[in-house]
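Participant: Here you go, entry-v2.tsv (TSV, C-alpha atoms):
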chain	number	residue	atom	x	y	z
W	1	MET	CA	-9.19	18.86	7.31
W	2	ARG	CA	-9.19	15.05	7.33
W	3	ILE	CA	-7.13	13.05	4.84
W	4	ALA	CA	-7.14	9.25	4.54
W	5	ILE	CA	-3.86	7.65	3.49
W	6	ILE	CA	-4.11	4.20	1.91
W	7	SER	CA	-1.34	2.08	0.41
W	8	ASP	CA	-0.44	-1.30	-1.06
W	9	ILE	CA	-3.88	-2.44	-2.22
W	10	HIS	CA	-2.35	-5.06	-4.51
W	11	GLY	CA	-5.48	-5.90	-6.49
W	12	ASN	CA	-7.63	-6.67	-3.44
W	13	LEU	CA	-10.98	-4.97	-4.08
W	14	VAL	CA	-12.67	-6.68	-1.11
W	15	ALA	CA	-10.22	-5.05	1.31
W	16	LEU	CA	-10.38	-1.69	-0.47
W	17	GLU	CA	-14.18	-1.62	-0.20
W	18	ALA	CA	-13.93	-2.37	3.53
W	19	VAL	CA	-11.67	0.65	4.00
W	20	LEU	CA	-13.86	2.92	1.87
W	21	ALA	CA	-16.95	1.90	3.84
W	22	ASP	CA	-15.13	2.80	7.07
W	23	LEU	CA	-14.11	6.16	5.60
W	24	GLU	CA	-17.68	6.90	4.56
W	25	ALA	CA	-18.97	6.07	8.04
W	26	ARG	CA	-16.37	8.40	9.55
W	27	GLN	CA	-17.02	11.11	6.95
W	28	VAL	CA	-13.46	11.23	5.64
W	29	GLY	CA	-13.70	12.46	2.07
W	30	GLU	CA	-10.15	13.03	0.78
W	31	VAL	CA	-8.07	9.96	-0.03
W	32	VAL	CA	-4.40	9.76	-1.02
W	33	CYS	CA	-2.94	6.44	-2.16
W	34	LEU	CA	0.76	5.65	-1.72
W	35	GLY	CA	0.93	3.19	-4.61
W	36	ASP	CA	1.21	-0.52	-5.38
W	37	VAL	CA	-2.43	-0.59	-6.34
W	38	ALA	CA	-2.99	-3.52	-8.71
W	39	ALA	CA	-0.18	-6.06	-9.01
W	40	PHE	CA	-0.15	-9.39	-7.14
W	41	GLY	CA	-3.87	-9.65	-6.46
W	42	PRO	CA	-7.00	-11.11	-8.04
W	43	GLN	CA	-8.80	-7.87	-8.97
W	44	PRO	CA	-6.28	-5.49	-10.56
W	45	ARG	CA	-8.67	-4.01	-13.12
W	46	GLU	CA	-11.47	-3.57	-10.57
W	47	VAL	CA	-9.20	-1.82	-8.07
W	48	ILE	CA	-7.97	0.62	-10.68
W	49	ALA	CA	-11.56	1.41	-11.69
W	50	ARG	CA	-12.52	2.03	-8.05
W	51	LEU	CA	-9.52	4.29	-7.47
W	52	ARG	CA	-10.40	6.35	-10.53
W	53	GLU	CA	-13.87	6.89	-9.09
W	54	LEU	CA	-12.31	8.37	-5.95
W	55	ASN	CA	-10.48	11.00	-8.01
W	56	GLY	CA	-7.69	11.22	-5.43
W	57	SER	CA	-3.95	11.59	-5.80
W	58	VAL	CA	-1.85	8.44	-6.22
W	59	VAL	CA	1.87	7.89	-5.70
W	60	MET	CA	3.78	5.63	-8.11
W	61	GLY	CA	4.82	2.45	-6.28
W	62	ASN	CA	7.45	0.01	-7.45
W	63	THR	CA	4.88	-2.53	-8.69
W	64	ASP	CA	2.93	0.21	-10.46
W	65	ALA	CA	6.06	1.15	-12.39
W	66	TRP	CA	6.60	-2.56	-13.14
W	67	LEU	CA	3.12	-2.79	-14.69
W	68	LEU	CA	4.17	-0.22	-17.29
W	69	ASN	CA	7.00	-2.51	-18.40
W	70	PRO	CA	6.15	-6.01	-17.14
W	71	ARG	CA	8.86	-8.63	-17.29
W	72	PRO	CA	9.73	-11.78	-15.34
W	73	HIS	CA	11.41	-11.35	-11.98
W	74	PRO	CA	14.71	-13.13	-11.31
W	75	VAL	CA	13.94	-16.71	-10.30
W	76	ARG	CA	15.45	-17.30	-6.85
W	77	ASP	CA	13.13	-20.14	-5.80
W	78	GLU	CA	9.75	-21.67	-6.63
W	79	ASP	CA	7.92	-18.89	-4.81
W	80	SER	CA	9.50	-16.17	-6.95
W	81	HIS	CA	8.36	-18.08	-10.04
W	82	LYS	CA	4.79	-18.04	-8.72
W	83	VAL	CA	5.00	-14.31	-7.96
W	84	THR	CA	6.08	-13.65	-11.54
W	85	GLU	CA	3.21	-15.69	-12.98
W	86	ILE	CA	0.64	-13.95	-10.77
W	87	GLU	CA	1.94	-10.49	-11.59
W	88	LEU	CA	2.23	-11.17	-15.33
W	89	TRP	CA	-1.36	-12.44	-15.25
W	90	GLY	CA	-2.40	-9.22	-13.51
W	91	ALA	CA	-0.63	-7.07	-16.08
W	92	GLU	CA	-2.53	-8.88	-18.84
W	93	GLN	CA	-5.84	-7.90	-17.26
W	94	LEU	CA	-5.20	-4.17	-17.65
W	95	SER	CA	-6.45	-2.17	-20.62
W	96	PRO	CA	-4.54	0.63	-22.36
W	97	ALA	CA	-6.79	3.09	-20.50
W	98	ASP	CA	-5.87	1.44	-17.18
W	99	LEU	CA	-2.17	1.83	-17.98
W	100	ASP	CA	-2.67	5.46	-19.01
W	101	TYR	CA	-4.16	6.04	-15.56
W	102	VAL	CA	-1.15	4.38	-13.90
W	103	ARG	CA	1.10	6.75	-15.83
W	104	THR	CA	-0.55	9.68	-14.02
W	105	PHE	CA	0.78	8.45	-10.64
W	106	GLN	CA	3.33	10.81	-9.07
W	107	PRO	CA	6.72	10.15	-7.45
W	108	MET	CA	5.70	12.22	-4.40
W	109	ILE	CA	2.70	14.24	-3.25
W	110	GLU	CA	2.87	17.31	-1.02
W	111	ILE	CA	-0.27	18.59	0.72
W	112	SER	CA	-0.56	21.75	2.77
W	113	LEU	CA	-2.08	21.20	6.20
W	114	GLY	CA	-2.49	24.92	6.81
W	115	ASP	CA	-0.04	27.54	8.09
W	116	GLU	CA	3.42	26.06	7.57
W	117	ALA	CA	2.41	22.45	8.23
W	118	LYS	CA	2.88	20.02	5.34
W	119	LEU	CA	2.16	16.37	4.56
W	120	LEU	CA	4.72	14.59	2.35
W	121	CYS	CA	3.56	11.32	0.75
W	122	PHE	CA	5.80	8.78	-1.00
W	123	HIS	CA	6.07	5.01	-1.51
W	124	GLY	CA	9.41	3.74	-0.18
W	125	SER	CA	11.15	7.04	0.53
W	126	PRO	CA	11.26	10.41	-1.27
W	127	ARG	CA	14.34	9.14	-3.10
W	128	SER	CA	13.32	5.61	-4.11
W	129	ASP	CA	10.14	3.55	-4.34
W	130	ARG	CA	12.15	0.55	-3.11
W	131	ASP	CA	13.65	2.06	0.03
W	132	VAL	CA	12.56	0.39	3.27
W	133	ILE	CA	11.77	2.58	6.28
W	134	ALA	CA	11.04	0.45	9.33
W	135	PRO	CA	10.66	1.12	13.06
W	136	ALA	CA	14.26	0.06	13.68
W	137	THR	CA	15.86	1.74	10.64
W	138	PRO	CA	18.99	3.50	11.96
W	139	GLU	CA	18.96	7.30	12.06
W	140	GLU	CA	21.92	7.50	9.66
W	141	ASP	CA	19.97	5.49	7.08
W	142	LEU	CA	16.94	7.74	7.54
W	143	GLU	CA	19.19	10.74	7.01
W	144	ARG	CA	20.36	9.30	3.70
W	145	MET	CA	16.79	8.65	2.51
W	146	LEU	CA	15.17	11.84	3.84
W	147	ARG	CA	17.94	14.43	3.57
W	148	GLY	CA	16.70	17.58	1.87
W	149	PHE	CA	13.02	16.86	2.48
W	150	GLN	CA	11.04	18.58	5.21
W	151	ALA	CA	7.44	18.12	6.30
W	152	THR	CA	5.35	18.03	9.45
W	153	VAL	CA	4.21	14.50	8.59
W	154	MET	CA	6.12	12.16	6.27
W	155	ILE	CA	4.22	9.03	5.27
W	156	GLY	CA	5.26	6.14	3.05
W	157	GLY	CA	4.16	2.59	2.32
W	158	HIS	CA	5.98	-0.36	0.70
W	159	THR	CA	6.66	-2.44	3.84
W	160	HIS	CA	3.01	-3.54	4.40
W	161	THR	CA	3.50	-2.85	8.12
W	162	GLN	CA	2.04	0.01	10.13
W	163	MET	CA	4.56	2.33	11.80
W	164	PHE	CA	4.74	5.52	13.84
W	165	ARG	CA	8.06	7.09	14.81
W	166	ARG	CA	9.77	10.47	15.00
W	167	TYR	CA	12.39	11.89	12.67
W	168	GLY	CA	13.71	15.15	14.06
W	169	ASP	CA	10.68	17.42	14.38
W	170	ALA	CA	8.67	15.37	11.89
W	171	ILE	CA	6.24	12.50	12.38
W	172	LEU	CA	7.25	9.54	10.22
W	173	MET	CA	4.49	7.03	9.46
W	174	ASN	CA	3.45	4.02	7.43
W	175	PRO	CA	-0.30	3.37	7.06
W	176	GLY	CA	0.24	-0.35	6.48
W	177	SER	CA	-1.37	-2.26	3.64
W	178	VAL	CA	-4.99	-2.24	2.52
W	179	GLY	CA	-4.84	-5.42	0.49
W	180	PHE	CA	-1.93	-7.47	1.85
W	181	PRO	CA	-1.03	-6.60	5.45
W	182	ILE	CA	1.87	-8.51	6.96
W	183	GLU	CA	2.58	-9.51	10.55
W	184	ARG	CA	5.70	-11.37	11.65
W	185	ASP	CA	5.86	-13.34	14.90
W	186	LEU	CA	9.21	-12.32	16.37
W	187	ALA	CA	9.45	-15.52	18.42
W	188	THR	CA	8.77	-18.03	15.62
W	189	GLY	CA	9.50	-15.99	12.50
W	190	ARG	CA	6.10	-16.99	11.11
W	191	VAL	CA	4.56	-14.50	8.70
W	192	ARG	CA	0.81	-14.15	8.30
W	193	ASN	CA	-1.69	-11.94	6.52
W	194	PRO	CA	-4.09	-10.89	9.29
W	195	PRO	CA	-7.85	-10.55	8.61
W	196	TRP	CA	-7.97	-6.79	8.36
W	197	ALA	CA	-7.15	-3.87	6.07
W	198	GLU	CA	-4.92	-1.04	7.27
W	199	TYR	CA	-4.86	2.69	6.62
W	200	ALA	CA	-4.15	6.04	8.31
W	201	VAL	CA	-5.93	9.35	8.84
W	202	VAL	CA	-4.21	12.72	9.16
W	203	THR	CA	-6.32	15.47	10.74
W	204	ARG	CA	-5.72	19.20	11.14
W	205	GLU	CA	-8.18	21.17	13.27
W	206	GLY	CA	-7.03	24.70	14.01
W	207	GLU	CA	-3.52	24.37	15.34
W	208	ALA	CA	-4.05	20.75	16.45
W	209	LEU	CA	-2.59	17.94	14.36
W	210	GLY	CA	-3.87	14.39	14.69
W	211	VAL	CA	-2.59	11.14	13.18
W	212	GLU	CA	-4.32	7.79	13.49
W	213	LEU	CA	-3.52	4.24	12.37
W	214	ARG	CA	-6.61	2.11	11.74
W	215	ARG	CA	-7.40	-1.55	11.08
W	216	VAL	CA	-10.71	-2.57	9.53
W	217	PRO	CA	-11.94	-6.21	9.57
W	218	VAL	CA	-12.17	-7.88	6.17
W	219	ASP	CA	-14.03	-10.97	5.01
W	220	VAL	CA	-11.21	-13.39	4.20
W	221	GLU	CA	-13.62	-15.88	2.64
W	222	ALA	CA	-14.86	-13.14	0.29
W	223	ILE	CA	-11.24	-12.49	-0.71
W	224	ARG	CA	-10.80	-16.20	-1.36
W	225	ARG	CA	-13.97	-16.36	-3.49
W	226	ALA	CA	-12.84	-13.34	-5.50
W	227	ALA	CA	-9.46	-14.98	-6.09
W	228	LEU	CA	-11.02	-18.30	-7.15
W	229	ASP	CA	-13.42	-16.53	-9.53
W	230	SER	CA	-10.72	-14.37	-11.08
W	231	GLY	CA	-8.70	-17.00	-12.94
W	232	MET	CA	-5.53	-15.82	-11.18
W	233	PRO	CA	-2.86	-18.56	-11.11
W	234	HIS	CA	-1.62	-20.12	-7.87
W	235	VAL	CA	-4.68	-19.04	-5.86
W	236	GLU	CA	-4.22	-21.64	-3.13
W	237	TRP	CA	-0.59	-20.63	-2.63
W	238	TRP	CA	-1.56	-16.94	-2.62
W	239	MET	CA	-4.15	-17.59	0.11
W	240	GLU	CA	-1.89	-19.73	2.32
W	241	GLY	CA	-0.82	-16.92	4.64
W	242	TRP	CA	-4.27	-15.46	5.23
W	243	ASP	CA	-5.48	-15.72	8.79
W	244	ARG	CA	-9.23	-16.16	9.02
W	245	GLY	CA	-9.31	-14.73	12.55
Could you render the structure from this file as structure tokens?
Facilitator:
Amino acid sequence: MRIAIISDIHGNLVALEAVLADLEARQVGEVVCLGDVAAFGPQPREVIARLRELNGSVVMGNTDAWLLNPRPHPVRDEDSHKVTEIELWGAEQLSPADLDYVRTFQPMIEISLGDEAKLLCFHGSPRSDRDVIAPATPEEDLERMLRGFQATVMIGGHTHTQMFRRYGDAILMNPGSVGFPIERDLATGRVRNPPWAEYAVVTREGEALGVELRRVPVDVEAIRRAALDSGMPHVEWWMEGWDRG
């Protein structure tokens, strides 16, 4: 059994296709998405269409829920105003059929890995799509977010940063972001979007369990061309953080 876990595509079809090509080459057939599929990217409609073709399970992310009732975000600074305009533009691109598909997304997904092993998939945490689980999240905070939930592997998205840590007897993971990965330089505080797409693979072979975090190179110039061709507002600002490698 081999299951690919993808998350946080954010309307980036170029990055999604790079991941799917890697999965095909590695003969990984089953795909689970942890949400945030369409908002804040240049190809929201195209990403939704591609996901539907995969016929996999999808978790409801916080931006997916927002698309079902789009409204301006609180304006804290000029950047938040740009985020609102990009996301409202994205919501306008979606058809009623697209939104009906988003409504099928689930709060959590449980998958049997055989015997008593289980994979638990969510967006932020099992309790909230906005919870943040990071490598340094204190154990008492994890206990609040994960209390009452048990699984061999727990995997969530939302932070756009890959993670592997333990929580009791469980493996706690984040596959990172397909469409908008984030790296922060701890020395300078600089944030960049590196030139790759991120995902994870969970494997069960007999009694052996394997987990893998992967990064696949993406064509940043192709992402830029897609953004420029889309009509999305604030394209140059949106592309500022992308590292061309």
Participant: Have a look at W:Leu13, W:Val102, W:Leu34, W:Ala197 and name the one nearest to Met173 in chain W; count all atoms listed in the file.
Facilitator: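 Of W:Leu13, W:Val102, W:Leu34, W:Ala197, the one nearest Met173 in chain W is W:Leu34, counting all atoms listed in the file.
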Participant: Considering only C-alpha atoms, can you say which of W:Ala91, W:Met1, W:Ala136, W:Met232 comes closest to Gly206 in chain W?
Facilitator: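 Closest residue, counting only C-alpha atoms: W:Met1.
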Participant: Nearest residue to Val59 in chain W out of W:Glu205, W:Asp36, W:Asp219, W:Asp100, using only C-alpha atoms?
Facilitator: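 Among W:Glu205, W:Asp36, W:Asp219, W:Asp100, it is W:Asp36 that comes nearest to Val59 in chain W.
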Participant: Can you tell me which residues surround Gly241 in chain W at a distance of at most 6 Å, considering only C-alpha atoms, apart from same-chain residues fewer than 2 positions away, and format the answer as JSON, numbers by chain?
Facilitator: {"W": [192, 193, 239]}
Participant: Under the rule that all atoms listed in the file are counted, which of W:Ile133, W:Asp98, W:Leu213, W:Gly114 is the nearest residue to Gln162 in chain W?
Facilitator: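 Closest candidate: W:Leu213.
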Participant: Work out how far apart CA of Thr137 in chain W and CA of Ala187 in chain W are and give it in Å to one decimal.
Facilitator: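 Separation of CA of Thr137 in chain W and CA of Ala187 in chain W: 20.0 Å.
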Participant: Within 8 Å of (7.5, 11.1, -2.6) (coordinates as in the file), grab all the protein and nucleic acid residues, counting only C-alpha atoms, and write them out as a PDB file with C-alpha atoms, keeping the file's coordinate frame.
Facilitator:
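Below is the file point23.pdb, written as the result:
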ATOM      1  CA  VAL W  59       1.870   7.890  -5.700  1.00  0.00           C
ATOM      2  CA  GLN W 106       3.330  10.810  -9.070  1.00  0.00           C
ATOM      3  CA  PRO W 107       6.720  10.150  -7.450  1.00  0.00           C
ATOM      4  CA  MET W 108       5.700  12.220  -4.400  1.00  0.00           C
ATOM      5  CA  ILE W 109       2.700  14.240  -3.250  1.00  0.00           C
ATOM      6  CA  GLU W 110       2.870  17.310  -1.020  1.00  0.00           C
ATOM      7  CA  LEU W 120       4.720  14.590   2.350  1.00  0.00           C
ATOM      8  CA  CYS W 121       3.560  11.320   0.750  1.00  0.00           C
ATOM      9  CA  PHE W 122       5.800   8.780  -1.000  1.00  0.00           C
ATOM     10  CA  HIS W 123       6.070   5.010  -1.510  1.00  0.00           C
ATOM     11  CA  GLY W 124       9.410   3.740  -0.180  1.00  0.00           C
ATOM     12  CA  SER W 125      11.150   7.040   0.530  1.00  0.00           C
ATOM     13  CA  PRO W 126      11.260  10.410  -1.270  1.00  0.00           C
ATOM     14  CA  ARG W 127      14.340   9.140  -3.100  1.00  0.00           C
ATOM     15  CA  GLY W 156       5.260   6.140   3.050  1.00  0.00           C
TER      16      GLY W 156
END
Participant: Here is a test: counting only C-alpha atoms, which residue of W:Leu146, W:Ile3, W:Val58, W:Val75 is nearest to Arg103 in chain W?
Facilitator: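 Of W:Leu146, W:Ile3, W:Val58, W:Val75, the one nearest Arg103 in chain W, counting only C-alpha atoms, is W:Val58.
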Participant: Please define a box with edges along x, y and z of the file around all atoms of range 137-155 of chain W given in the file, extend it by 8 Å on each side, and return its centre and edge lengths in Å to one decimal, as AutoDock Vina command-line options.
Facilitator:
--center_x 13.1 --center_y 10.2 --center_z 7.0 --size_x 33.7 --size_y 32.8 --size_z 26.2
Participant: Can you pull out the residues contacting Val47 in chain W? Cut-off 9 Å, using only C-alpha atoms, and skip same-chain residues under 4 positions away; I want them as JSON, numbers by chain.
Facilitator: {"W": [9, 10, 11, 12, 13, 16, 37, 38, 43, 51, 52]}
Participant: Please measure the separation of CA of His234 in chain W and CA of Glu221 in chain W, giving the value in Å to one decimal.
Facilitator: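 So the answer is 16.5 Å.
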Participant: Could you tell me how far CA of Pro44 in chain W sits from CA of Ala227 in chain W, in Å to one decimal place?
Facilitator: 11.0 Å
Participant: Within 8 Å of (-15.4, -5.9, 9.3) in the file's own coordinates, which protein, DNA or RNA residues have an atom, counting all atoms listed in the file? List them as a PyMOL selection string.
Facilitator: chain W and resi 18+196+216-219
Participant: Go ahead and save the picked residues with C-alpha atoms, as a short mmCIF file (atom, residue, chain, number, x, y, z; two decimals), keeping the file's coordinate frame.
Facilitator:
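Done, and the output landed in selection.cif:
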data_model
loop_
_atom_site.label_atom_id
_atom_site.label_comp_id
_atom_site.auth_asym_id
_atom_site.auth_seq_id
_atom_site.Cartn_x
_atom_site.Cartn_y
_atom_site.Cartn_z
CA ALA W 18 -13.93 -2.37 3.53
CA TRP W 196 -7.97 -6.79 8.36
CA VAL W 216 -10.71 -2.57 9.53
CA PRO W 217 -11.94 -6.21 9.57
CA VAL W 218 -12.17 -7.88 6.17
CA ASP W 219 -14.03 -10.97 5.01
#
Participant: Residues within 12 Å of Trp66 in chain W, please, as a list in words. Count all atoms listed in the file; anything in the same chain fewer than 2 positions from it doesn't count.
Facilitator: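 Listing them by chain and then by number gives Gly35, Asp36, Val37, Ala38, Ala39, Phe40, Met60, Gly61, Asn62, Thr63, Asp64, Leu68, Asn69, Pro70, Arg71, Pro72, His73, Thr84, Glu87, Leu88, Gly90, Ala91, Leu99, Val102, Arg103, Asp129 and Arg130 of chain W.
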Participant: For a quick check of understanding, using all atoms listed in the file, which of W:Arg165, W:His160, W:Arg224, W:His81 has the smallest distance to Ile182 in chain W?
Facilitator: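 Selected residue with least distance to Ile182 in chain W: W:His160.
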Participant: Please produce range 26-37 of chain W, completed to all heavy atoms, as a short mmCIF file (atom, residue, chain, number, x, y, z; two decimals), in the frame of the given file.
Facilitator:
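Saved the output as out02.cif:
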data_model
loop_
_atom_site.label_atom_id
_atom_site.label_comp_id
_atom_site.auth_asym_id
_atom_site.auth_seq_id
_atom_site.Cartn_x
_atom_site.Cartn_y
_atom_site.Cartn_z
N ARG W 26 -17.07 7.40 8.73
CA ARG W 26 -16.37 8.40 9.55
C ARG W 26 -16.29 9.75 8.87
O ARG W 26 -15.66 10.67 9.36
CB ARG W 26 -14.96 7.89 9.88
CG ARG W 26 -14.98 6.52 10.58
CD ARG W 26 -13.60 6.02 10.89
NE ARG W 26 -13.01 6.74 11.99
CZ ARG W 26 -11.83 7.35 11.96
NH1 ARG W 26 -11.11 7.33 10.85
NH2 ARG W 26 -11.35 7.98 13.01
N GLN W 27 -16.92 9.85 7.70
CA GLN W 27 -17.02 11.11 6.95
C GLN W 27 -15.64 11.69 6.63
O GLN W 27 -15.38 12.88 6.80
CB GLN W 27 -17.87 12.12 7.71
CG GLN W 27 -19.31 11.67 7.91
CD GLN W 27 -20.16 12.69 8.62
OE1 GLN W 27 -19.71 13.39 9.52
NE2 GLN W 27 -21.41 12.81 8.20
N VAL W 28 -14.76 10.80 6.15
CA VAL W 28 -13.46 11.23 5.64
C VAL W 28 -13.54 11.21 4.13
O VAL W 28 -13.70 10.14 3.52
CB VAL W 28 -12.32 10.31 6.13
CG1 VAL W 28 -10.98 10.79 5.61
CG2 VAL W 28 -12.32 10.24 7.65
N GLY W 29 -13.44 12.37 3.50
CA GLY W 29 -13.70 12.46 2.07
C GLY W 29 -12.47 12.39 1.19
O GLY W 29 -12.50 11.82 0.10
N GLU W 30 -11.36 12.97 1.62
CA GLU W 30 -10.15 13.03 0.78
C GLU W 30 -9.29 11.81 1.00
O GLU W 30 -8.99 11.43 2.14
CB GLU W 30 -9.35 14.30 1.08
CG GLU W 30 -8.15 14.47 0.16
CD GLU W 30 -7.44 15.81 0.34
OE1 GLU W 30 -7.92 16.63 1.14
OE2 GLU W 30 -6.41 16.01 -0.33
N VAL W 31 -8.88 11.18 -0.10
CA VAL W 31 -8.07 9.96 -0.03
C VAL W 31 -6.82 10.12 -0.88
O VAL W 31 -6.90 10.53 -2.04
CB VAL W 31 -8.87 8.73 -0.52
CG1 VAL W 31 -8.00 7.48 -0.47
CG2 VAL W 31 -10.13 8.54 0.30
N VAL W 32 -5.67 9.81 -0.30
CA VAL W 32 -4.40 9.76 -1.02
C VAL W 32 -3.89 8.33 -0.96
O VAL W 32 -3.90 7.70 0.11
CB VAL W 32 -3.37 10.72 -0.41
CG1 VAL W 32 -2.02 10.57 -1.10
CG2 VAL W 32 -3.84 12.17 -0.49
N CYS W 33 -3.47 7.80 -2.09
CA CYS W 33 -2.94 6.44 -2.16
C CYS W 33 -1.43 6.49 -2.39
O CYS W 33 -0.96 7.23 -3.26
CB CYS W 33 -3.63 5.66 -3.28
SG CYS W 33 -3.03 3.96 -3.46
N LEU W 34 -0.70 5.67 -1.65
CA LEU W 34 0.76 5.65 -1.72
C LEU W 34 1.30 4.61 -2.70
O LEU W 34 2.49 4.33 -2.68
CB LEU W 34 1.35 5.41 -0.33
CG LEU W 34 0.93 6.39 0.76
CD1 LEU W 34 1.65 6.06 2.06
CD2 LEU W 34 1.18 7.83 0.35
N GLY W 35 0.44 4.04 -3.55
CA GLY W 35 0.93 3.19 -4.61
C GLY W 35 0.82 1.71 -4.36
O GLY W 35 0.28 1.25 -3.35
N ASP W 36 1.34 0.95 -5.32
CA ASP W 36 1.21 -0.52 -5.38
C ASP W 36 -0.27 -0.90 -5.34
O ASP W 36 -0.74 -1.58 -4.42
CB ASP W 36 2.00 -1.18 -4.25
CG ASP W 36 3.48 -1.31 -4.57
OD1 ASP W 36 3.92 -0.73 -5.58
OD2 ASP W 36 4.19 -2.00 -3.82
N VAL W 37 -0.98 -0.49 -6.37
CA VAL W 37 -2.43 -0.59 -6.34
C VAL W 37 -2.97 -1.90 -6.91
O VAL W 37 -3.99 -2.41 -6.44
CB VAL W 37 -3.09 0.61 -7.07
CG1 VAL W 37 -2.63 1.91 -6.47
CG2 VAL W 37 -2.81 0.59 -8.56
#
